[in-house]
Every structure is written in C-alpha cells, then in structure tokens.
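K.L.:
Okay, so here is coords_9.txt, and as you'll see once you scroll down, it has compact mmCIF, C-alpha atoms.
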# COMPACT_ATOMS: atom_id res chain seq x y z
CA MET A 1 -36.78 18.88 -34.64
CA TRP A 2 -35.00 15.82 -35.96
CA GLU A 3 -31.23 15.54 -36.04
CA VAL A 4 -29.05 13.07 -37.93
CA ILE A 5 -25.82 12.07 -36.17
CA GLU A 6 -23.14 9.62 -37.20
CA MET A 7 -22.36 7.44 -34.19
CA SER A 8 -19.96 4.49 -34.16
CA GLY A 9 -20.15 4.17 -37.93
CA ARG A 10 -23.97 4.31 -37.91
CA VAL A 11 -26.30 7.11 -38.94
CA VAL A 12 -28.72 7.80 -36.11
CA LYS A 13 -31.89 9.83 -36.55
CA ARG A 14 -33.52 11.12 -33.37
CA ASN A 15 -35.86 13.77 -32.09
CA ALA A 16 -33.47 16.29 -30.55
CA ASP A 17 -36.33 18.16 -28.85
CA ARG A 18 -36.93 15.15 -26.59
CA LEU A 19 -33.39 15.06 -25.24
CA ARG A 20 -32.89 16.38 -21.74
CA LYS A 21 -30.37 19.19 -21.40
CA GLY A 22 -28.03 16.98 -19.39
CA GLU A 23 -27.93 14.41 -22.20
CA LYS A 24 -26.15 16.94 -24.42
CA PHE A 25 -23.28 17.37 -21.94
CA PHE A 26 -20.69 15.67 -24.18
CA ASP A 27 -22.08 17.14 -27.42
CA SER A 28 -19.90 20.26 -27.22
CA TRP A 29 -16.46 21.06 -25.86
CA THR A 30 -16.25 22.81 -22.50
CA PRO A 31 -13.66 22.55 -19.71
CA GLN A 32 -16.21 20.48 -17.78
CA SER A 33 -16.98 18.02 -20.60
CA ALA A 34 -13.27 17.70 -21.46
CA TRP A 35 -12.36 16.81 -17.85
CA ALA A 36 -15.25 14.34 -17.63
CA LEU A 37 -14.16 12.76 -20.93
CA GLY A 38 -10.71 12.16 -19.44
CA VAL A 39 -12.35 10.31 -16.54
CA VAL A 40 -14.54 8.31 -18.94
CA CYS A 41 -11.58 7.30 -21.10
CA GLU A 42 -9.80 5.90 -18.04
CA ARG A 43 -12.65 4.39 -16.06
CA ALA A 44 -15.79 3.82 -18.13
CA ALA A 45 -17.50 1.11 -20.13
CA VAL A 46 -20.04 2.17 -22.77
CA ASP A 47 -22.86 0.10 -24.23
CA SER A 48 -25.03 1.64 -26.94
CA SER A 49 -28.02 -0.44 -25.77
CA HIS A 50 -27.77 0.20 -22.02
CA GLY A 51 -25.71 3.29 -21.24
CA THR A 52 -22.44 4.12 -19.53
CA VAL A 53 -20.80 2.84 -16.34
CA VAL A 54 -17.91 4.55 -14.58
CA GLU A 55 -16.14 2.50 -11.90
CA ALA A 56 -13.57 3.63 -9.34
CA ALA A 57 -12.85 3.09 -5.66
CA ASP A 58 -12.34 6.86 -5.33
CA THR A 59 -15.76 8.06 -4.14
CA PRO A 60 -14.82 11.79 -4.09
CA LEU A 61 -13.81 11.47 -7.76
CA LEU A 62 -17.15 9.89 -8.64
CA ARG A 63 -19.04 12.56 -6.70
CA ALA A 64 -17.13 15.27 -8.53
CA PHE A 65 -18.00 13.56 -11.84
CA CYS A 66 -21.70 13.47 -10.92
CA GLY A 67 -21.53 17.14 -9.94
CA LEU A 68 -20.69 18.00 -13.54
CA VAL A 69 -22.52 15.27 -15.48
CA LYS A 70 -26.10 15.73 -14.34
CA GLU A 71 -27.28 12.54 -16.05
CA ALA A 72 -24.87 10.52 -13.89
CA ARG A 73 -26.13 8.67 -10.81
CA LEU A 74 -23.90 7.36 -8.01
CA CYS A 75 -24.96 3.83 -7.06
CA ARG A 76 -25.31 2.54 -3.52
CA ASP A 77 -22.05 0.63 -3.67
CA ARG A 78 -20.32 4.07 -3.81
CA ARG A 79 -17.86 2.91 -6.47
CA THR A 80 -20.06 2.93 -9.56
CA VAL A 81 -21.67 5.74 -11.53
CA VAL A 82 -24.35 4.99 -14.10
CA ILE A 83 -25.48 7.16 -17.03
CA GLU A 84 -28.59 5.60 -18.52
CA SER A 85 -28.91 8.00 -21.47
CA LEU A 86 -28.37 6.18 -24.79
CA HIS A 87 -27.61 9.52 -26.44
CA VAL A 88 -24.66 10.00 -24.07
CA ALA A 89 -23.50 6.44 -24.77
CA GLU A 90 -23.63 6.94 -28.52
CA ARG A 91 -21.81 10.24 -28.26
CA LEU A 92 -19.03 8.64 -26.17
CA LEU A 93 -18.71 5.81 -28.69
CA ALA A 94 -18.32 8.41 -31.41
CA LEU A 95 -15.58 10.02 -29.30
CA GLY A 96 -13.57 6.81 -29.29
CA MET A 97 -14.86 4.57 -26.51
CA GLU A 98 -14.97 0.85 -27.29
CA GLU A 99 -18.37 -0.84 -27.31
CA GLY A 100 -19.01 -2.90 -24.17
CA ALA A 101 -15.49 -2.70 -22.72
CA PHE A 102 -13.59 -0.70 -20.12
CA SER A 103 -11.40 0.60 -22.88
CA VAL A 104 -10.94 3.47 -25.31
CA ARG A 105 -9.80 2.89 -28.90
CA ARG A 106 -8.51 6.43 -29.31
CA VAL A 107 -8.82 9.80 -27.65
CA PRO A 108 -10.47 12.05 -30.24
CA SER A 109 -8.96 15.14 -31.76
CA VAL A 110 -9.43 17.69 -28.99
CA PRO A 111 -9.45 21.46 -29.62
CA GLU A 112 -6.16 22.82 -28.28
CA GLU A 113 -7.74 24.92 -25.55
CA TYR A 114 -9.43 21.85 -24.02
CA VAL A 115 -6.45 19.47 -24.11
CA PRO A 116 -5.29 20.38 -20.57
CA TYR A 117 -8.70 19.54 -19.14
CA VAL A 118 -8.77 16.08 -20.75
CA ILE A 119 -5.31 15.35 -19.32
CA ARG A 120 -6.44 16.59 -15.91
CA GLY A 121 -9.36 14.17 -16.01
CA ILE A 122 -7.04 11.29 -16.89
CA LEU A 123 -4.59 12.13 -14.10
CA ASP A 124 -7.29 12.70 -11.49
CA THR A 125 -8.44 9.09 -11.86
CA GLN A 126 -5.03 7.94 -10.60
CA GLY A 127 -5.38 9.56 -7.19
CA VAL A 128 -1.74 10.62 -7.03
CA ILE A 129 0.96 10.99 -9.64
CA ALA A 130 3.96 8.83 -8.81
CA SER A 131 7.19 10.69 -8.24
CA PHE A 132 10.87 9.93 -7.72
CA GLY A 133 12.00 12.88 -5.67
CA PRO A 134 12.43 15.68 -5.30
CA TYR A 135 15.84 14.73 -3.97
CA LEU A 136 18.68 17.23 -3.67
CA ALA A 137 16.95 19.70 -5.98
CA GLU A 138 15.95 17.04 -8.51
CA LEU A 139 12.42 16.34 -9.62
CA SER A 140 10.86 13.53 -11.62
CA LEU A 141 7.14 13.00 -12.10
CA GLU A 142 5.27 10.11 -13.69
CA PHE A 143 2.08 10.74 -15.60
CA PRO A 144 0.22 7.41 -15.33
CA THR A 145 -2.69 5.87 -17.22
CA ARG A 146 -4.33 2.47 -17.54
CA GLN A 147 -5.24 3.03 -21.19
CA LYS A 148 -2.75 2.92 -24.07
CA ALA A 149 -4.87 5.38 -26.06
CA CYS A 150 -4.66 7.89 -23.19
CA LEU A 151 -0.91 7.29 -23.01
CA ARG A 152 -0.52 8.08 -26.71
CA PHE A 153 -2.70 11.16 -26.34
CA MET A 154 -0.73 12.57 -23.39
CA HIS A 155 2.61 11.73 -25.02
CA ARG A 156 1.63 13.50 -28.24
CA GLU A 157 0.36 16.61 -26.49
CA LEU A 158 3.29 16.90 -24.06
CA LYS A 159 5.81 16.50 -26.90
CA ARG A 160 3.90 19.06 -28.96
CA ARG A 161 4.63 21.61 -26.24
CA GLY A 162 8.32 20.79 -26.42
CA TYR A 163 8.61 18.94 -23.11
CA SER A 164 11.26 16.27 -22.64
CA VAL A 165 9.23 13.13 -21.89
CA ARG A 166 10.67 9.65 -21.52
CA GLU A 167 8.87 6.76 -23.12
CA MET A 168 6.37 4.55 -21.38
CA SER A 169 7.02 1.84 -18.84
CA LYS A 170 4.56 -0.86 -17.80
CA GLU A 171 3.90 -2.24 -14.34
CA ILE A 172 1.10 -3.84 -12.36
CA ASP A 173 -1.29 -1.31 -10.84
CA PHE A 174 -0.74 -2.31 -7.21
CA LEU A 175 -2.58 0.76 -5.91
CA GLY A 176 -5.69 -0.35 -7.78
CA ILE A 177 -5.37 -3.87 -6.38
CA ALA A 178 -5.06 -2.40 -2.87
CA ARG A 179 -8.37 -0.65 -3.50
CA GLU A 180 -9.92 -4.00 -4.48
CA GLU A 181 -10.02 -3.08 -8.16
CA PRO A 182 -9.32 -5.65 -10.88
CA ALA A 183 -5.66 -6.27 -11.59
CA SER A 184 -4.46 -4.17 -14.50
CA TYR A 185 -1.33 -2.69 -16.03
CA LYS A 186 -0.34 0.94 -15.72
CA TRP A 187 1.70 2.78 -18.33
CA THR A 188 3.58 5.96 -17.52
CA LEU A 189 5.27 8.94 -19.10
CA THR A 190 8.13 10.43 -17.12
CA MET A 191 9.07 14.11 -17.10
CA SER A 192 12.35 14.95 -15.33
CA LYS A 193 13.31 18.51 -16.25
CA PRO A 194 12.12 20.86 -13.49
CA GLU A 195 11.53 23.65 -16.02
CA ASP A 196 9.26 21.33 -18.03
CA VAL A 197 7.32 20.22 -14.96
CA ILE A 198 6.83 23.81 -13.79
CA ASP A 199 5.64 24.98 -17.20
CA CYS A 200 3.39 21.92 -17.56
CA TYR A 201 1.85 22.62 -14.16
CA LYS A 202 1.03 26.19 -15.23
CA TRP A 203 -0.36 24.93 -18.54
CA LEU A 204 -2.60 22.30 -16.93
CA TYR A 205 -3.85 24.28 -13.96
CA ARG A 206 -3.76 27.94 -14.91
CA THR A 207 -7.56 28.02 -15.02
CA PRO A 208 -9.83 26.30 -12.46
CA ILE A 209 -12.75 24.26 -13.78
CA ALA A 210 -16.01 25.89 -12.78
CA GLY A 211 -18.11 23.65 -10.56
CA LEU A 212 -15.27 21.20 -9.88
CA SER A 213 -13.64 21.13 -6.45
CA PHE A 214 -11.74 17.89 -7.10
CA ASN A 215 -8.05 18.64 -7.70
CA ARG A 216 -6.15 15.67 -6.28
CA ALA A 217 -3.56 15.41 -9.07
CA GLN A 218 -2.97 19.16 -8.95
CA ARG A 219 -2.36 19.06 -5.20
CA TRP A 220 0.16 16.26 -5.69
CA VAL A 221 2.16 18.03 -8.40
CA TRP A 222 2.06 21.27 -6.40
CA SER A 223 3.40 19.45 -3.34
CA GLN A 224 6.34 18.11 -5.35
CA LEU A 225 7.13 21.59 -6.64
CA HIS A 226 6.89 22.89 -3.08
CA TRP A 227 9.49 20.34 -1.93
CA LEU A 228 11.68 21.21 -4.90
CA LEU A 229 11.65 24.89 -3.94
CA ARG A 230 12.47 23.99 -0.35
CA ASP A 231 15.51 21.97 -1.49
CA LEU A 232 16.68 24.70 -3.86
CA GLU A 233 16.46 27.32 -1.13
CA ALA A 234 18.38 25.03 1.24
CA CYS A 235 21.09 24.55 -1.41
CA SER A 236 21.20 28.28 -2.01
CA ARG A 237 21.88 28.92 1.67
CA MET A 238 24.59 26.26 1.71
CA LEU A 239 26.33 27.79 -1.32
CA LYS A 240 26.86 30.99 0.65
CA ASP A 241 29.09 29.13 3.13
CA LYS A 242 32.39 29.43 1.24
CA LYS A 243 34.46 27.76 3.94
CA MET A 244 32.21 24.70 4.04
CA LEU A 245 32.25 24.44 0.24
CA SER A 246 36.03 24.67 0.13
CA GLU A 247 36.40 21.92 2.70
CA LEU A 248 33.81 19.77 0.90
CA ARG A 249 35.66 20.13 -2.42
CA GLU A 250 38.92 19.11 -0.76
CA VAL A 251 37.28 16.00 0.72
CA ILE A 252 35.90 15.05 -2.69
CA ARG A 253 39.26 15.59 -4.43
CA GLU A 254 41.03 13.41 -1.86
CA GLY A 255 38.39 10.72 -2.28
CA LYS A 256 38.83 10.70 -6.05
CA ARG A 257 42.58 10.41 -5.73
CA ALA A 258 42.06 7.45 -3.41
CA LYS A 259 39.58 5.95 -5.94
CA LEU A 260 36.80 5.81 -3.34
CA MET A 261 34.17 6.17 -6.05
CA GLY A 262 34.54 2.48 -6.93
CA ASP A 263 31.92 1.30 -9.43
CA TRP A 264 29.77 4.43 -9.06
CA LYS A 265 29.36 6.48 -12.20
CA GLU A 266 29.03 10.25 -12.21
CA LEU A 267 26.20 11.60 -14.34
Re-express the file's structure as structure tokens.
P.N.:
Amino acid sequence: MWEVIEMSGRVVKRNADRLRKGEKFFDSWTPQSAWALGVVCERAAVDSSHGTVVEAADTPLLRAFCGLVKEARLCRDRRTVVIESLHVAERLLALGMEEGAFSVRRVPSVPEEYVPYVIRGILDTQGVIASFGPYLAELSLEFPTRQKACLRFMHRELKRRGYSVREMSKEIDFLGIAREEPASYKWTLTMSKPEDVIDCYKWLYRTPIAGLSFNRAQRWVWSQLHWLLRDLEACSRMLKDKKMLSELREVIREGKRAKLMGDWKEL
C-alpha cells in the first residue's frame, strides 16, 4: 500500500507496508510519542538524508528515550542516540524540527490532552528545574529550555491555563558546560504563585507515562512542594504561640519607629 505524505514542504510517496512498526512511533499522538517529541525538540538534530541524532550527557534520559522509541540506538559514547529511519526524520521535520541543526523552528499544534507530556519531555532534558526557594513559605520555580520555540510553546500553554508566568530570562547554561556540552543559552519561564505551581504539578503529572520510569523533573518539583509544606506547617505551629507573636510584633514596631529598616523595601 502506497501512502502520500507532505513532509517539510515536499510530497513524499512511499510504500507504507515496508515500514517497520517502530518507524511509525511519531506518526500518531500518544503520551509516549509526545514525551519523546519534547526530548527531540530540546536535544535532537534531524537530517532527512541520514536520520536523527539525540545528544545529552544524561545517560538515564537517553536510555529512557530508547525504551520508548524502539528505532533508537544508544551509541558507545553513552551520550548519543541515533535513529537511522528516514521516515522518522521526515516526520520530525514535518513536526517542526529544523533540517540539519540542533534546533526546532516551532513546536507543532499539539492536541490538548498531550500537551503535558510534551512539556514533561522538555523539562526532563534539563535534569533539574531551577528554583529560588522555598524560603519562609515562598516558592518560585523556573521552567528552563534551550530552544526559543519550546519557550514560546510552554509560555502559551501555561498562560492558557491561567497561570501567572513571568517572562523569559536568558543566561549561559553552566550546567551543560559542566557536563562537557557545548556552550549555549538557556531561557526560562518563572512561576511564583504556590497555587499555580501546585495545580501545574497535578496537571503535568496526574497520569504516569506507561513504559517510562524516568521522572527527574517531577521528583524535583515534588521536592520543592514538600519543602513548601514543611515551611507552612512550621509557620502554622509558630502562629499558635500568641505570646511569641505579640513580642515579635512589638520588636518590629520599635524597629520601625527607630527607622531600622533603612533602604529595605517591604513588598
């Protein structure tokens, strides 16, 4: 049976019966293909004449990727995965990858139910999600990416859910350099409202991905929420000590009268 597919602006005619089952992995949306696409968008180069290469110093990530994408092969250097299928390469180009570069032009329109899995794939490539806190019952998480297209995709989808997300910042990816990866920039989205972070965590991770044991980004966000709860419970216990609170308020009032605050600004 012959199929006609439009790939990268070209019409490709091929014998679909000769394709291996694994070559059709990215042809339909599943939680597994959506997560793997997130990894590809962040870490892959695609060449329509040779195939696809995924590079990362994170061997467990690459092994998890190979566990889902059966056409993928982990190379001996343990930091490169190769997919030799040209059908996979053409499909990824059609989904927005840039020919011959470690870059993505755009993240495609993703069915709503698979958006969380694409974001999970993007975040898992970072190893950990940077955080400022929790500190005294405050929480701020950064959602990082090396690709502007992934940044735009995450920003759009997080805003669509009504989350308060601060705009991107840019810095050198020192963690990547420490792992002997090429120097690159990292862009981030920052979410600071605890209620947003909690709801986002439930949205992203409410359903495990079958066949995927890799959950590094999830463990990191969960750990930050765990520390937040610990601080809130500690504050709750302190609030029950009325005598201590009264004395603390008196100290603060005296300090304000003495203008001890100086140049500090209250939020």
K.L.:
Which protein, DNA or RNA residues are at most 7 Å from (7.6, 18.2, -20.7) in the file's coordinates when you count all atoms listed in the file, listed as a short mmCIF file (atom, residue, chain, number, x, y, z; two decimals) with C-alpha atoms, keeping the file's coordinate frame?
P.N.:
data_model
loop_
_atom_site.label_atom_id
_atom_site.label_comp_id
_atom_site.auth_asym_id
_atom_site.auth_seq_id
_atom_site.Cartn_x
_atom_site.Cartn_y
_atom_site.Cartn_z
CA LEU A 158 3.29 16.90 -24.06
CA LYS A 159 5.81 16.50 -26.90
CA GLY A 162 8.32 20.79 -26.42
CA TYR A 163 8.61 18.94 -23.11
CA SER A 164 11.26 16.27 -22.64
CA VAL A 165 9.23 13.13 -21.89
CA MET A 191 9.07 14.11 -17.10
CA ASP A 196 9.26 21.33 -18.03
CA VAL A 197 7.32 20.22 -14.96
CA CYS A 200 3.39 21.92 -17.56
#
K.L.:
Show me, as a list of chain:residue names, the residues that have an atom within 9 Å of Ala34 (chain A) when counting only C-alpha atoms, minus same-chain residues fewer than 5 positions from it.
P.N.:
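So the residues in contact are A:Phe26, A:Trp29, A:Val39, A:Val110, A:Tyr114, A:Val115, A:Pro116, A:Tyr117, A:Val118, A:Ile119, A:Arg120, A:Gly121.
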K.L.:
Taking all atoms listed in the file into account, which of A:Glu138, A:Arg106, A:Leu19, A:Arg249 comes nearest Asp231 (chain A)?
P.N.:
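With all atoms listed in the file as the atom set, the closest residue is A:Glu138.
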K.L.:
Of the candidates A:Glu84, A:Glu157, A:Glu71, A:Glu90, which one gets nearest to Val107 (chain A) if we count all atoms listed in the file?
P.N.:
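Nearest to Val107 (chain A): A:Glu157.
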K.L.:
Identify which of the residues A:Ser49, A:Gln218, A:Ser85, A:Thr80 lies closest to Lys24 (chain A), counting all atoms listed in the file when measuring atom-to-atom distances.
P.N.:
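With all atoms listed in the file as the atom set, the closest residue is A:Ser85.
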K.L.:
Go through A:Val53, A:Leu92, A:Leu141, A:Leu232 one by one, measure the shortest atom-to-atom distance of each to Cys75 (chain A) using all atoms listed in the file, and give the residue with the smallest value.
P.N.:
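The shortest atom-to-atom distance to Cys75 (chain A) comes from A:Val53.
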K.L.:
Could you check the closest approach to Ala94 (chain A) for each of A:Asp173, A:Glu142, A:Asp47, A:Glu42 and tell me which residue wins, using only C-alpha atoms?
P.N.:
A:Asp47
K.L.:
Can you pull out the residues contacting Asn215 (chain A)? Cut-off 10 Å, using all atoms listed in the file, and skip same-chain residues under 6 positions away; I want them as number ranges by chain.
P.N.:
A: 61, 64, 120-121, 123-124, 127, 205, 208-209
K.L.:
Work out how far CA of Ile129 (chain A) is from CA of Glu195 (chain A), in Å to one decimal.
P.N.:
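So the answer is 17.7 Å.
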